[in-house]
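For reference, run-v1.cif (mmCIF, C-alpha atoms and all ligand atoms):
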data_entry
#
loop_
_atom_site.group_PDB
_atom_site.id
_atom_site.type_symbol
_atom_site.label_atom_id
_atom_site.label_comp_id
_atom_site.auth_asym_id
_atom_site.auth_seq_id
_atom_site.Cartn_x
_atom_site.Cartn_y
_atom_site.Cartn_z
ATOM 1 C CA LYS A 1 71.649 64.251 177.603
ATOM 2 C CA GLU A 2 73.852 66.544 179.611
ATOM 3 C CA SER A 3 72.120 69.784 180.369
ATOM 4 C CA LYS A 4 72.865 72.434 177.755
ATOM 5 C CA THR A 5 72.439 75.296 180.181
ATOM 6 C CA GLN A 6 75.273 74.138 182.436
ATOM 7 C CA VAL A 7 77.905 74.934 179.851
ATOM 8 C CA VAL A 8 76.815 78.406 178.826
ATOM 9 C CA PRO A 9 77.458 80.503 181.943
ATOM 10 C CA VAL A 10 81.095 79.429 182.389
ATOM 11 C CA GLN A 11 82.067 80.583 178.900
ATOM 12 C CA SER A 12 81.719 83.972 177.326
ATOM 13 C CA GLU A 13 79.089 84.200 174.624
ATOM 14 C CA GLY A 14 81.795 84.783 172.003
ATOM 15 C CA ALA A 15 83.741 81.677 173.009
ATOM 16 C CA GLN A 16 80.562 79.619 173.010
ATOM 17 C CA ARG A 17 79.663 80.860 169.526
ATOM 18 C CA LEU A 18 83.132 80.082 168.247
ATOM 19 C CA LYS A 19 82.912 76.594 169.689
ATOM 20 C CA ILE A 20 79.519 75.955 168.067
ATOM 21 C CA SER A 21 80.758 77.336 164.722
ATOM 22 C CA ILE A 22 83.697 74.947 164.859
ATOM 23 C CA TYR A 23 81.373 72.029 165.656
ATOM 24 C CA PHE A 24 79.068 72.965 162.771
ATOM 25 C CA ALA A 25 81.867 73.439 160.231
ATOM 26 C CA THR A 26 83.443 70.109 161.265
ATOM 27 C CA TRP A 27 80.090 68.320 161.172
ATOM 28 C CA TRP A 28 79.281 69.575 157.657
ATOM 29 C CA ALA A 29 82.774 68.878 156.285
ATOM 30 C CA LEU A 30 82.782 65.331 157.691
ATOM 31 C CA ASN A 31 79.297 64.784 156.318
ATOM 32 C CA VAL A 32 80.242 65.929 152.818
ATOM 33 C CA ILE A 33 83.241 63.577 152.816
ATOM 34 C CA PHE A 34 81.071 60.707 154.087
ATOM 35 C CA ASN A 35 78.473 61.280 151.375
ATOM 36 C CA ILE A 36 81.069 61.353 148.600
ATOM 37 C CA TYR A 37 82.795 58.137 149.661
ATOM 38 C CA ASN A 38 79.516 56.443 150.467
ATOM 39 C CA LYS A 39 78.275 57.083 146.923
ATOM 40 C CA LYS A 40 81.594 56.037 145.369
ATOM 41 C CA VAL A 41 81.316 52.762 147.284
ATOM 42 C CA LEU A 42 77.655 52.245 146.363
ATOM 43 C CA ASN A 43 78.411 52.858 142.667
ATOM 44 C CA ALA A 44 81.115 50.189 142.690
ATOM 45 C CA PHE A 45 79.638 47.838 145.295
ATOM 46 C CA PRO A 46 75.847 48.331 145.508
ATOM 47 C CA TYR A 47 75.135 46.540 148.781
ATOM 48 C CA PRO A 48 73.689 49.224 151.061
ATOM 49 C CA TRP A 49 72.732 46.803 153.854
ATOM 50 C CA LEU A 50 76.352 45.703 154.162
ATOM 51 C CA THR A 51 77.878 49.169 153.835
ATOM 52 C CA SER A 52 75.536 50.602 156.463
ATOM 53 C CA THR A 53 76.449 47.713 158.773
ATOM 54 C CA LEU A 54 80.158 48.358 158.184
ATOM 55 C CA SER A 55 79.718 52.047 159.077
ATOM 56 C CA LEU A 56 78.210 51.077 162.427
ATOM 57 C CA ALA A 57 80.807 48.351 162.984
ATOM 58 C CA CYS A 58 83.657 50.756 162.353
ATOM 59 C CA GLY A 59 82.252 53.360 164.755
ATOM 60 C CA SER A 60 81.612 50.713 167.414
ATOM 61 C CA ALA A 61 85.152 49.361 167.069
ATOM 62 C CA MET A 62 86.651 52.858 167.272
ATOM 63 C CA MET A 63 84.747 53.634 170.460
ATOM 64 C CA LEU A 64 85.385 50.257 172.119
ATOM 65 C CA PHE A 65 89.085 50.807 171.417
ATOM 66 C CA SER A 66 88.926 54.358 172.839
ATOM 67 C CA TRP A 67 87.245 53.086 176.005
ATOM 68 C CA ALA A 68 89.647 50.149 176.406
ATOM 69 C CA THR A 69 92.702 52.393 176.067
ATOM 70 C CA ARG A 70 91.078 55.106 178.234
ATOM 71 C CA LEU A 71 91.420 57.627 175.446
ATOM 72 C CA VAL A 72 87.783 58.314 176.229
ATOM 73 C CA GLU A 73 86.232 57.556 179.574
ATOM 74 C CA ALA A 74 83.636 54.794 179.180
ATOM 75 C CA PRO A 75 80.093 55.767 180.182
ATOM 76 C CA LYS A 76 78.531 54.307 183.290
ATOM 77 C CA THR A 77 75.412 52.609 182.041
ATOM 78 C CA ASP A 78 72.879 50.264 183.580
ATOM 79 C CA LEU A 79 70.273 47.932 182.113
ATOM 80 C CA ASP A 80 67.731 50.723 182.254
ATOM 81 C CA PHE A 81 69.913 52.882 180.005
ATOM 82 C CA TRP A 82 70.084 50.171 177.328
ATOM 83 C CA LYS A 83 66.349 49.491 177.591
ATOM 84 C CA VAL A 84 65.561 53.142 177.001
ATOM 85 C CA LEU A 85 68.124 53.252 174.197
ATOM 86 C CA PHE A 86 66.521 50.320 172.370
ATOM 87 C CA PRO A 87 63.708 52.190 170.552
ATOM 88 C CA VAL A 88 66.172 54.976 169.691
ATOM 89 C CA ALA A 89 68.528 52.392 168.188
ATOM 90 C CA VAL A 90 65.727 50.717 166.209
ATOM 91 C CA ALA A 91 64.757 54.089 164.716
ATOM 92 C CA HIS A 92 68.415 55.005 164.074
ATOM 93 C CA THR A 93 68.992 51.674 162.323
ATOM 94 C CA ILE A 94 65.922 52.033 160.095
ATOM 95 C CA GLY A 95 66.742 55.667 159.264
ATOM 96 C CA HIS A 96 70.358 54.839 158.455
ATOM 97 C CA VAL A 97 69.755 51.792 156.296
ATOM 98 C CA ALA A 98 66.823 53.457 154.495
ATOM 99 C CA ALA A 99 68.967 56.496 153.605
ATOM 100 C CA THR A 100 71.767 54.243 152.365
ATOM 101 C CA VAL A 101 69.364 52.139 150.276
ATOM 102 C CA SER A 102 68.019 55.402 148.851
ATOM 103 C CA MET A 103 71.504 56.627 147.935
ATOM 104 C CA SER A 104 72.247 53.318 146.239
ATOM 105 C CA LYS A 105 69.325 53.974 143.848
ATOM 106 C CA VAL A 106 69.341 57.732 143.234
ATOM 107 C CA ALA A 107 71.723 60.702 143.197
ATOM 108 C CA VAL A 108 73.027 61.799 146.616
ATOM 109 C CA SER A 109 71.543 65.240 145.957
ATOM 110 C CA PHE A 110 68.058 63.776 145.420
ATOM 111 C CA THR A 111 68.156 61.787 148.672
ATOM 112 C CA HIS A 112 69.177 64.922 150.562
ATOM 113 C CA ILE A 113 66.517 67.096 148.896
ATOM 114 C CA ILE A 114 63.884 64.651 150.137
ATOM 115 C CA LYS A 115 65.636 64.495 153.508
ATOM 116 C CA SER A 116 65.354 68.278 153.819
ATOM 117 C CA ALA A 117 61.636 67.606 154.432
ATOM 118 C CA GLU A 118 62.434 66.104 157.851
ATOM 119 C CA PRO A 119 60.914 69.115 159.721
ATOM 120 C CA ALA A 120 57.602 68.503 157.951
ATOM 121 C CA PHE A 121 57.638 64.897 159.162
ATOM 122 C CA SER A 122 58.459 66.126 162.638
ATOM 123 C CA VAL A 123 55.432 68.421 162.744
ATOM 124 C CA LEU A 124 53.070 65.819 161.284
ATOM 125 C CA VAL A 125 54.243 63.076 163.648
ATOM 126 C CA SER A 126 54.029 65.402 166.666
ATOM 127 C CA ARG A 127 50.536 66.487 165.575
ATOM 128 C CA PHE A 128 49.042 63.092 164.754
ATOM 129 C CA PHE A 129 50.912 60.764 167.139
ATOM 130 C CA LEU A 130 51.546 63.025 170.118
ATOM 131 C CA GLY A 131 48.607 65.399 169.757
ATOM 132 C CA GLU A 132 50.891 68.464 169.871
ATOM 133 C CA THR A 133 49.593 71.563 168.157
ATOM 134 C CA PHE A 134 51.643 74.343 166.569
ATOM 135 C CA PRO A 135 51.024 77.971 165.633
ATOM 136 C CA ILE A 136 49.554 78.509 162.142
ATOM 137 C CA PRO A 137 52.869 79.846 160.637
ATOM 138 C CA VAL A 138 54.517 76.484 161.438
ATOM 139 C CA TYR A 139 51.857 74.642 159.421
ATOM 140 C CA LEU A 140 52.137 77.210 156.621
ATOM 141 C CA SER A 141 55.897 76.668 156.426
ATOM 142 C CA LEU A 142 55.193 73.019 155.591
ATOM 143 C CA LEU A 143 53.627 74.066 152.282
ATOM 144 C CA PRO A 144 56.911 75.154 150.623
ATOM 145 C CA ILE A 145 58.742 72.175 152.191
ATOM 146 C CA ILE A 146 56.265 69.620 150.853
ATOM 147 C CA GLY A 147 55.605 71.517 147.599
ATOM 148 C CA GLY A 148 59.328 72.032 146.913
ATOM 149 C CA CYS A 149 60.152 68.385 147.566
ATOM 150 C CA ALA A 150 57.248 67.266 145.383
ATOM 151 C CA LEU A 151 58.414 69.545 142.556
ATOM 152 C CA ALA A 152 61.992 68.265 142.896
ATOM 153 C CA ALA A 153 60.752 64.653 142.921
ATOM 154 C CA VAL A 154 58.508 64.869 139.850
ATOM 155 C CA THR A 155 61.176 66.678 137.833
ATOM 156 C CA GLU A 156 64.054 64.419 138.947
ATOM 157 C CA LEU A 157 65.743 63.028 135.846
ATOM 158 C CA ASN A 158 66.714 59.743 137.479
ATOM 159 C CA PHE A 159 63.679 59.188 139.670
ATOM 160 C CA ASN A 160 63.484 55.809 141.318
ATOM 161 C CA MET A 161 60.679 54.738 143.648
ATOM 162 C CA VAL A 162 62.933 52.756 146.028
ATOM 163 C CA GLY A 163 65.291 55.739 146.236
ATOM 164 C CA PHE A 164 62.399 58.086 146.958
ATOM 165 C CA MET A 165 60.728 55.828 149.527
ATOM 166 C CA GLY A 166 64.065 55.136 151.254
ATOM 167 C CA ALA A 167 64.567 58.851 151.880
ATOM 168 C CA MET A 168 60.948 59.224 153.067
ATOM 169 C CA ILE A 169 61.265 56.254 155.461
ATOM 170 C CA SER A 170 64.550 57.687 156.722
ATOM 171 C CA ASN A 171 62.781 60.982 157.496
ATOM 172 C CA LEU A 172 60.046 59.239 159.436
ATOM 173 C CA ALA A 173 62.477 57.011 161.338
ATOM 174 C CA PHE A 174 64.751 59.921 162.304
ATOM 175 C CA VAL A 175 61.797 61.923 163.624
ATOM 176 C CA PHE A 176 60.935 58.989 165.899
ATOM 177 C CA ARG A 177 64.608 58.629 166.830
ATOM 178 C CA ASN A 178 64.663 62.262 167.943
ATOM 179 C CA ILE A 179 61.422 61.946 169.908
ATOM 180 C CA PHE A 180 62.576 58.742 171.657
ATOM 181 C CA SER A 181 66.035 60.091 172.439
ATOM 182 C CA LYS A 182 64.624 63.317 173.860
ATOM 183 C CA ARG A 183 62.310 61.282 176.112
ATOM 184 C CA GLY A 184 64.919 58.732 177.092
ATOM 185 C CA MET A 185 67.873 60.974 177.813
ATOM 186 C CA LYS A 186 66.191 63.403 180.160
ATOM 187 C CA GLY A 187 68.283 63.630 183.309
ATOM 188 C CA LYS A 188 70.913 61.099 182.178
ATOM 189 C CA SER A 189 74.539 62.035 182.349
ATOM 190 C CA VAL A 190 76.067 60.356 179.312
ATOM 191 C CA SER A 191 77.972 62.719 177.039
ATOM 192 C CA GLY A 192 76.955 63.165 173.391
ATOM 193 C CA MET A 193 80.033 61.250 172.223
ATOM 194 C CA ASN A 194 79.356 58.234 174.429
ATOM 195 C CA TYR A 195 75.630 58.342 173.793
ATOM 196 C CA TYR A 196 76.255 58.068 170.058
ATOM 197 C CA ALA A 197 78.791 55.273 170.663
ATOM 198 C CA CYS A 198 76.200 53.230 172.586
ATOM 199 C CA LEU A 199 73.661 53.947 169.861
ATOM 200 C CA SER A 200 76.100 52.629 167.219
ATOM 201 C CA ILE A 201 76.802 49.444 169.139
ATOM 202 C CA MET A 202 73.134 48.674 169.691
ATOM 203 C CA SER A 203 72.232 49.518 166.075
ATOM 204 C CA LEU A 204 75.008 47.253 164.841
ATOM 205 C CA VAL A 205 73.568 44.342 166.831
ATOM 206 C CA ILE A 206 70.096 45.059 165.435
ATOM 207 C CA LEU A 207 71.174 45.554 161.820
ATOM 208 C CA THR A 208 73.617 42.648 161.333
ATOM 209 C CA PRO A 209 71.052 39.794 161.083
ATOM 210 C CA PHE A 210 68.880 41.858 158.740
ATOM 211 C CA ALA A 211 71.842 42.666 156.493
ATOM 212 C CA ILE A 212 72.659 38.958 156.251
ATOM 213 C CA ALA A 213 69.020 38.143 155.476
ATOM 214 C CA MET A 214 68.578 40.932 152.902
ATOM 215 C CA GLU A 215 71.882 40.528 151.046
ATOM 216 C CA GLY A 216 74.107 37.870 152.595
ATOM 217 C CA PRO A 217 77.654 36.575 152.092
ATOM 218 C CA GLN A 218 77.035 35.016 148.664
ATOM 219 C CA MET A 219 75.872 38.273 147.109
ATOM 220 C CA TRP A 220 78.651 40.180 148.858
ATOM 221 C CA ALA A 221 81.341 37.818 147.596
ATOM 222 C CA ALA A 222 80.133 38.042 143.987
ATOM 223 C CA GLY A 223 79.793 41.841 144.213
ATOM 224 C CA TRP A 224 83.211 42.125 145.791
ATOM 225 C CA GLN A 225 84.898 40.275 142.914
ATOM 226 C CA LYS A 226 83.179 42.608 140.467
ATOM 227 C CA ALA A 227 84.144 45.742 142.422
ATOM 228 C CA LEU A 228 87.769 44.628 142.672
ATOM 229 C CA ALA A 229 87.870 43.864 138.953
ATOM 230 C CA GLU A 230 86.310 47.196 137.977
ATOM 231 C CA VAL A 231 87.773 49.610 140.535
ATOM 232 C CA GLY A 232 90.725 47.749 141.981
ATOM 233 C CA PRO A 233 91.947 47.746 145.595
ATOM 234 C CA ASN A 234 91.007 51.409 146.047
ATOM 235 C CA VAL A 235 87.487 50.317 146.867
ATOM 236 C CA VAL A 236 88.806 49.039 150.212
ATOM 237 C CA TRP A 237 89.966 52.546 151.117
ATOM 238 C CA TRP A 238 86.664 54.036 150.010
ATOM 239 C CA ILE A 239 84.791 51.636 152.305
ATOM 240 C CA ALA A 240 87.150 52.483 155.164
ATOM 241 C CA ALA A 241 86.697 56.212 154.508
ATOM 242 C CA GLN A 242 82.891 56.092 154.337
ATOM 243 C CA SER A 243 82.780 54.051 157.550
ATOM 244 C CA VAL A 244 85.172 56.264 159.533
ATOM 245 C CA PHE A 245 83.567 59.501 158.314
ATOM 246 C CA TYR A 246 80.076 58.179 159.014
ATOM 247 C CA HIS A 247 81.005 57.665 162.628
ATOM 248 C CA LEU A 248 82.889 60.948 162.946
ATOM 249 C CA TYR A 249 80.153 63.166 161.494
ATOM 250 C CA ASN A 250 77.509 61.574 163.689
ATOM 251 C CA GLN A 251 79.741 61.803 166.729
ATOM 252 C CA VAL A 252 80.364 65.509 166.145
ATOM 253 C CA SER A 253 76.671 66.123 165.535
ATOM 254 C CA TYR A 254 75.773 64.440 168.844
ATOM 255 C CA MET A 255 78.535 66.406 170.583
ATOM 256 C CA SER A 256 77.102 69.639 169.216
ATOM 257 C CA LEU A 257 73.605 68.571 170.279
ATOM 258 C CA ASP A 258 74.976 68.714 173.830
ATOM 259 C CA GLN A 259 75.674 72.413 173.343
ATOM 260 C CA ILE A 260 72.672 73.667 171.397
ATOM 261 C CA SER A 261 68.898 73.463 171.311
ATOM 262 C CA PRO A 262 67.177 70.915 169.043
ATOM 263 C CA LEU A 263 65.930 73.822 166.931
ATOM 264 C CA THR A 264 69.430 75.208 166.264
ATOM 265 C CA PHE A 265 70.443 71.633 165.542
ATOM 266 C CA SER A 266 67.771 71.204 162.889
ATOM 267 C CA ILE A 267 68.739 74.498 161.215
ATOM 268 C CA GLY A 268 72.358 73.288 161.182
ATOM 269 C CA ASN A 269 71.220 69.998 159.701
ATOM 270 C CA THR A 270 69.397 71.734 156.843
ATOM 271 C CA MET A 271 72.436 73.875 156.082
ATOM 272 C CA LYS A 272 74.502 70.700 156.103
ATOM 273 C CA ARG A 273 72.237 69.309 153.370
ATOM 274 C CA ILE A 274 72.866 72.361 151.190
ATOM 275 C CA SER A 275 76.628 71.685 151.310
ATOM 276 C CA VAL A 276 76.047 68.004 150.526
ATOM 277 C CA ILE A 277 73.645 68.732 147.654
ATOM 278 C CA VAL A 278 75.926 71.305 146.028
ATOM 279 C CA SER A 279 79.180 69.368 146.466
ATOM 280 C CA SER A 280 77.740 66.045 145.302
ATOM 281 C CA ILE A 281 76.233 67.659 142.170
ATOM 282 C CA ILE A 282 79.675 69.079 141.333
ATOM 283 C CA ILE A 283 81.665 65.930 142.112
ATOM 284 C CA PHE A 284 79.341 63.399 140.478
ATOM 285 C CA HIS A 285 78.344 65.715 137.583
ATOM 286 C CA THR A 286 74.700 65.100 138.481
ATOM 287 C CA PRO A 287 72.423 66.430 135.728
ATOM 288 C CA VAL A 288 69.984 68.966 137.184
ATOM 289 C CA ARG A 289 67.157 70.757 135.414
ATOM 290 C CA ALA A 290 66.358 74.344 136.411
ATOM 291 C CA VAL A 291 62.874 73.398 137.627
ATOM 292 C CA ASN A 292 64.368 70.579 139.680
ATOM 293 C CA ALA A 293 66.813 72.967 141.361
ATOM 294 C CA LEU A 294 63.930 75.365 141.952
ATOM 295 C CA GLY A 295 62.032 72.617 143.811
ATOM 296 C CA ALA A 296 65.061 71.978 146.023
ATOM 297 C CA ALA A 297 65.504 75.691 146.710
ATOM 298 C CA ILE A 298 61.819 76.107 147.662
ATOM 299 C CA ALA A 299 62.001 73.089 149.996
ATOM 300 C CA ILE A 300 65.113 74.412 151.715
ATOM 301 C CA LEU A 301 63.663 77.900 151.983
ATOM 302 C CA GLY A 302 60.631 76.228 153.576
ATOM 303 C CA THR A 303 62.777 74.619 156.259
ATOM 304 C CA PHE A 304 64.227 78.052 157.093
ATOM 305 C CA LEU A 305 60.719 79.522 157.323
ATOM 306 C CA TYR A 306 59.821 76.564 159.528
ATOM 307 C CA SER A 307 62.691 77.266 161.901
ATOM 308 C CA GLN A 308 61.712 80.940 162.060
ATOM 309 C CA ALA A 309 58.087 80.030 162.732
ATOM 310 C CA LYS A 310 59.119 77.550 165.430
ATOM 311 C CA ALA A 311 61.501 79.972 167.083
HETATM 312 C C1 LIG A 401 72.723 57.707 156.974
HETATM 313 O O1 LIG A 401 73.334 56.947 156.268
HETATM 314 O O2 LIG A 401 72.450 57.482 158.167
HETATM 315 C C2 LIG A 401 72.244 58.969 156.376
HETATM 316 O O3 LIG A 401 73.101 59.425 155.399
HETATM 317 C C3 LIG A 401 71.997 59.915 157.458
HETATM 318 O O4 LIG A 401 71.650 61.092 156.986
HETATM 319 P P1 LIG A 401 71.652 62.372 157.890
HETATM 320 O O5 LIG A 401 72.543 62.141 159.064
HETATM 321 O O6 LIG A 401 72.180 63.403 156.958
HETATM 322 O O7 LIG A 401 70.219 62.597 158.261
#
Can you present the structure in this file as structure tokens?
Ligand code: 3PG
Amino acid sequence: KESKTQVVPVQSEGAQRLKISIYFATWWALNVIFNIYNKKVLNAFPYPWLTSTLSLACGSAMMLFSWATRLVEAPKTDLDFWKVLFPVAVAHTIGHVAATVSMSKVAVSFTHIIKSAEPAFSVLVSRFFLGETFPIPVYLSLLPIIGGCALAAVTELNFNMVGFMGAMISNLAFVFRNIFSKRGMKGKSVSGMNYYACLSIMSLVILTPFAIAMEGPQMWAAGWQKALAEVGPNVVWWIAAQSVFYHLYNQVSYMSLDQISPLTFSIGNTMKRISVIVSSIIIFHTPVRAVNALGAAIAILGTFLYSQAKA
């Protein structure tokens, strides 16, 4: 990734803060819109392997168009770049499809409550796979994260094992994605926007055959007839919206990753989940029990304690 420190000195601290605030606000807003349309689509057309493929296809098409028309300068990449990107793309693909499968089975808010445990996965993977150790407060902060998520899961009114496991797999995959991309991008000069574009293209190539194998054209055609009969042509616009917003929120998040440390990024990501959880509960009238909300609040508080302990 481009060095973060290069940008800071040429801008005043105030201007830099303003820029980051704008990135964060845009990222969260785009993410909320994506989550709403994604769930509307999955309710009407429950084929998460196809919808996650379409999200990647839309982003890839948008970026290929931007490069072809020179709206965005295409990155200069070599075979080495794509080789290093491969494990990142595998992890991104698994994390993306697993989260979408999860959201097709449970409430958006539940998926995101479980996904707020991503820092705990990060610490455990770093500890057991990379042998990294952390100060005691970091480990202690995992207790409310894991405890809060467990409380939210056992008190979830519409618990579903596939939905739960999808969110857990997504957490694990995204931790590996972050580790691989940190390793792979050291010293490379591809901007956040183009890096995410390349990631989308490679993930699309990886995911397409699996989507065909898991669901396939016959299921899609039958489901499509049903969706059109029940919802009408609007479902086309919902699919377009979830695909465009999926690309845009990820693009903005990768652009902001260029400007900030991974730690600030993960705090931003947790705050993003709060906006998604709250807005999706309101929009979809998700039933929540007080003890369930308490579990979510403890888990999110835990991720803040984690970021403090890590800082
Ligand atoms: C996806 O479909 O990739 C997930 O919704 C991603 O979730 P996240 O970007 O909020 O981790």
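Put simply, the PyMOL selection byres (((not hetatm)) within 8 of (chain A and resi 401)) in this file takes in Asn31, Asn35, Ser52, His92, Thr93, Gly95, His96, Val97, Ala98, Ala99, Thr100, His112, Lys115, Ser170, Asn171, Phe174, Tyr246, Asn250, Asn269, Lys272 and Arg273 of chain A.
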(request) Please indicate the distance in Å from CA of Ala227 (chain A) to CA of Ala44 (chain A), rounded to one decimal place. (result) 5.4 Å
(request) Run the PyMOL selection byres (((chain A and resi 292) around 8) and not hetatm) against the file shown and list the residues it catches, as an NGL selection string. (result) :A and (151-153 or 155-156 or 288-291 or 293-296)
(request) Please measure the separation of CA of Ile113 (chain A) and CA of Val236 (chain A), giving the value in Å to one decimal. (result) 28.7 Å
(message) Give me the residues near Ser279 (chain A) as a PyMOL selection string, where near means some atom within 12 Å (using all atoms listed in the file) and where sequence neighbours in that chain fewer than 3 positions away do not count.
(response) chain A and resi 28-29+31-36+107-109+112+272-276+282-286
Quick one: residues within 9 Å of (68.7, 51.3, 149.6) (file frame), counting all atoms listed in the file, please, as a short mmCIF file (atom, residue, chain, number, x, y, z; two decimals) with C-alpha atoms, keeping the file's coordinate frame.
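Saved the output as result_9.cif:
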data_model
loop_
_atom_site.label_atom_id
_atom_site.label_comp_id
_atom_site.auth_asym_id
_atom_site.auth_seq_id
_atom_site.Cartn_x
_atom_site.Cartn_y
_atom_site.Cartn_z
CA PRO A 46 75.85 48.33 145.51
CA TYR A 47 75.14 46.54 148.78
CA PRO A 48 73.69 49.22 151.06
CA TRP A 49 72.73 46.80 153.85
CA VAL A 97 69.76 51.79 156.30
CA ALA A 98 66.82 53.46 154.50
CA ALA A 99 68.97 56.50 153.60
CA THR A 100 71.77 54.24 152.36
CA VAL A 101 69.36 52.14 150.28
CA SER A 102 68.02 55.40 148.85
CA MET A 103 71.50 56.63 147.94
CA SER A 104 72.25 53.32 146.24
CA LYS A 105 69.32 53.97 143.85
CA VAL A 162 62.93 52.76 146.03
CA GLY A 163 65.29 55.74 146.24
CA GLY A 166 64.06 55.14 151.25
CA ALA A 167 64.57 58.85 151.88
#
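When the PyMOL selection byres (((chain A and resi 148) around 6) and not hetatm) is evaluated on the file shown here, the picked residues come out as Pro144, Ile145, Ile146, Gly147, Cys149, Ala150, Leu151, Gly295, Ala296, Ile298 and Ala299 of chain A.
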(request) Tell me, in Å to one decimal, how far CA of Asn158 (chain A) is from CA of Leu42 (chain A). (result) 16.0 Å
(message) Which residues are close to Ser66 (chain A), i.e. within 12 Å by all atoms listed in the file, leaving aside same-chain residues fewer than 6 positions away? Reply as a list in words.
(response) Gly59, Ser60, Val72, Glu73, Ala74, Pro75, Met193, Asn194 and Ala197 of chain A
Any chance you could work out the axis-aligned box around region 167-174 of chain A, listed atoms only, 3 Å on each side, giving centre and edge lengths in Å to one decimal, as lines of an AutoDock Vina configuration file?
center_x = 62.4
center_y = 58.6
center_z = 157.1
size_x = 10.7
size_y = 10.7
size_z = 16.4
(request) Find the spatial neighbours of Glu215 (chain A), counting only C-alpha atoms, within a cut-off of 10 Å - ignore same-chain residues fewer than 3 positions away - and output them as a VMD selection string. (result) chain A and resid 47 to 50 210 to 212 218 to 220
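Of the residues under consideration (A:Ser280, A:Ser200, A:Gln259, A:Ser122), A:Ser122 shows the shortest atom-to-atom contact distance to Thr303 (chain A) when counting only C-alpha atoms.
Distance check against Met62 (chain A) using only C-alpha atoms: of A:Cys198, A:Ala213, A:Ile260, A:Ala229, the minimum falls on A:Cys198.
Closest to Val125 (chain A) among A:Ile169, A:Val106, A:Val175, A:Ala91 is A:Val175, based on all atoms listed in the file.
Closest approach to Pro287 (chain A) among A:Tyr249, A:Phe110, A:Trp224, A:Phe134 is made by A:Phe110 (distances from only C-alpha atoms).
Of the listed residues (A:Ala68, A:Leu204, A:Val231, A:Ile94), A:Ile94 comes nearest to Met168 (chain A); the distances count only C-alpha atoms.
With all atoms listed in the file as the atoms that count, the residue of A:Ile239, A:Met271, A:Leu30, A:Met255 with the shortest distance to Phe45 (chain A) is A:Ile239.
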(request) Show which residues sit within 9 Å of Tyr306 (chain A), as a VMD selection string. Count all atoms listed in the file, and ignore same-chain residues fewer than 6 positions away. (result) chain A and resid 119 to 120 137 to 142 145
Please provide as a short mmCIF file (atom, residue, chain, number, x, y, z; two decimals) with C-alpha atoms, in the frame of the given file all residues within 12 Å of Pro87 (chain A), with the sequence filter that same-chain residues fewer than 2 positions apart are discarded (counting all atoms listed in the file).
data_model
loop_
_atom_site.label_atom_id
_atom_site.label_comp_id
_atom_site.auth_asym_id
_atom_site.auth_seq_id
_atom_site.Cartn_x
_atom_site.Cartn_y
_atom_site.Cartn_z
CA PHE A 81 69.91 52.88 180.00
CA TRP A 82 70.08 50.17 177.33
CA LYS A 83 66.35 49.49 177.59
CA VAL A 84 65.56 53.14 177.00
CA LEU A 85 68.12 53.25 174.20
CA ALA A 89 68.53 52.39 168.19
CA VAL A 90 65.73 50.72 166.21
CA ALA A 91 64.76 54.09 164.72
CA HIS A 92 68.42 55.00 164.07
CA THR A 93 68.99 51.67 162.32
CA ILE A 94 65.92 52.03 160.10
CA ALA A 173 62.48 57.01 161.34
CA PHE A 174 64.75 59.92 162.30
CA PHE A 176 60.94 58.99 165.90
CA ARG A 177 64.61 58.63 166.83
CA ASN A 178 64.66 62.26 167.94
CA ILE A 179 61.42 61.95 169.91
CA PHE A 180 62.58 58.74 171.66
CA SER A 181 66.04 60.09 172.44
CA LYS A 182 64.62 63.32 173.86
CA ARG A 183 62.31 61.28 176.11
CA GLY A 184 64.92 58.73 177.09
CA LEU A 199 73.66 53.95 169.86
CA MET A 202 73.13 48.67 169.69
CA SER A 203 72.23 49.52 166.08
CA ILE A 206 70.10 45.06 165.44
#
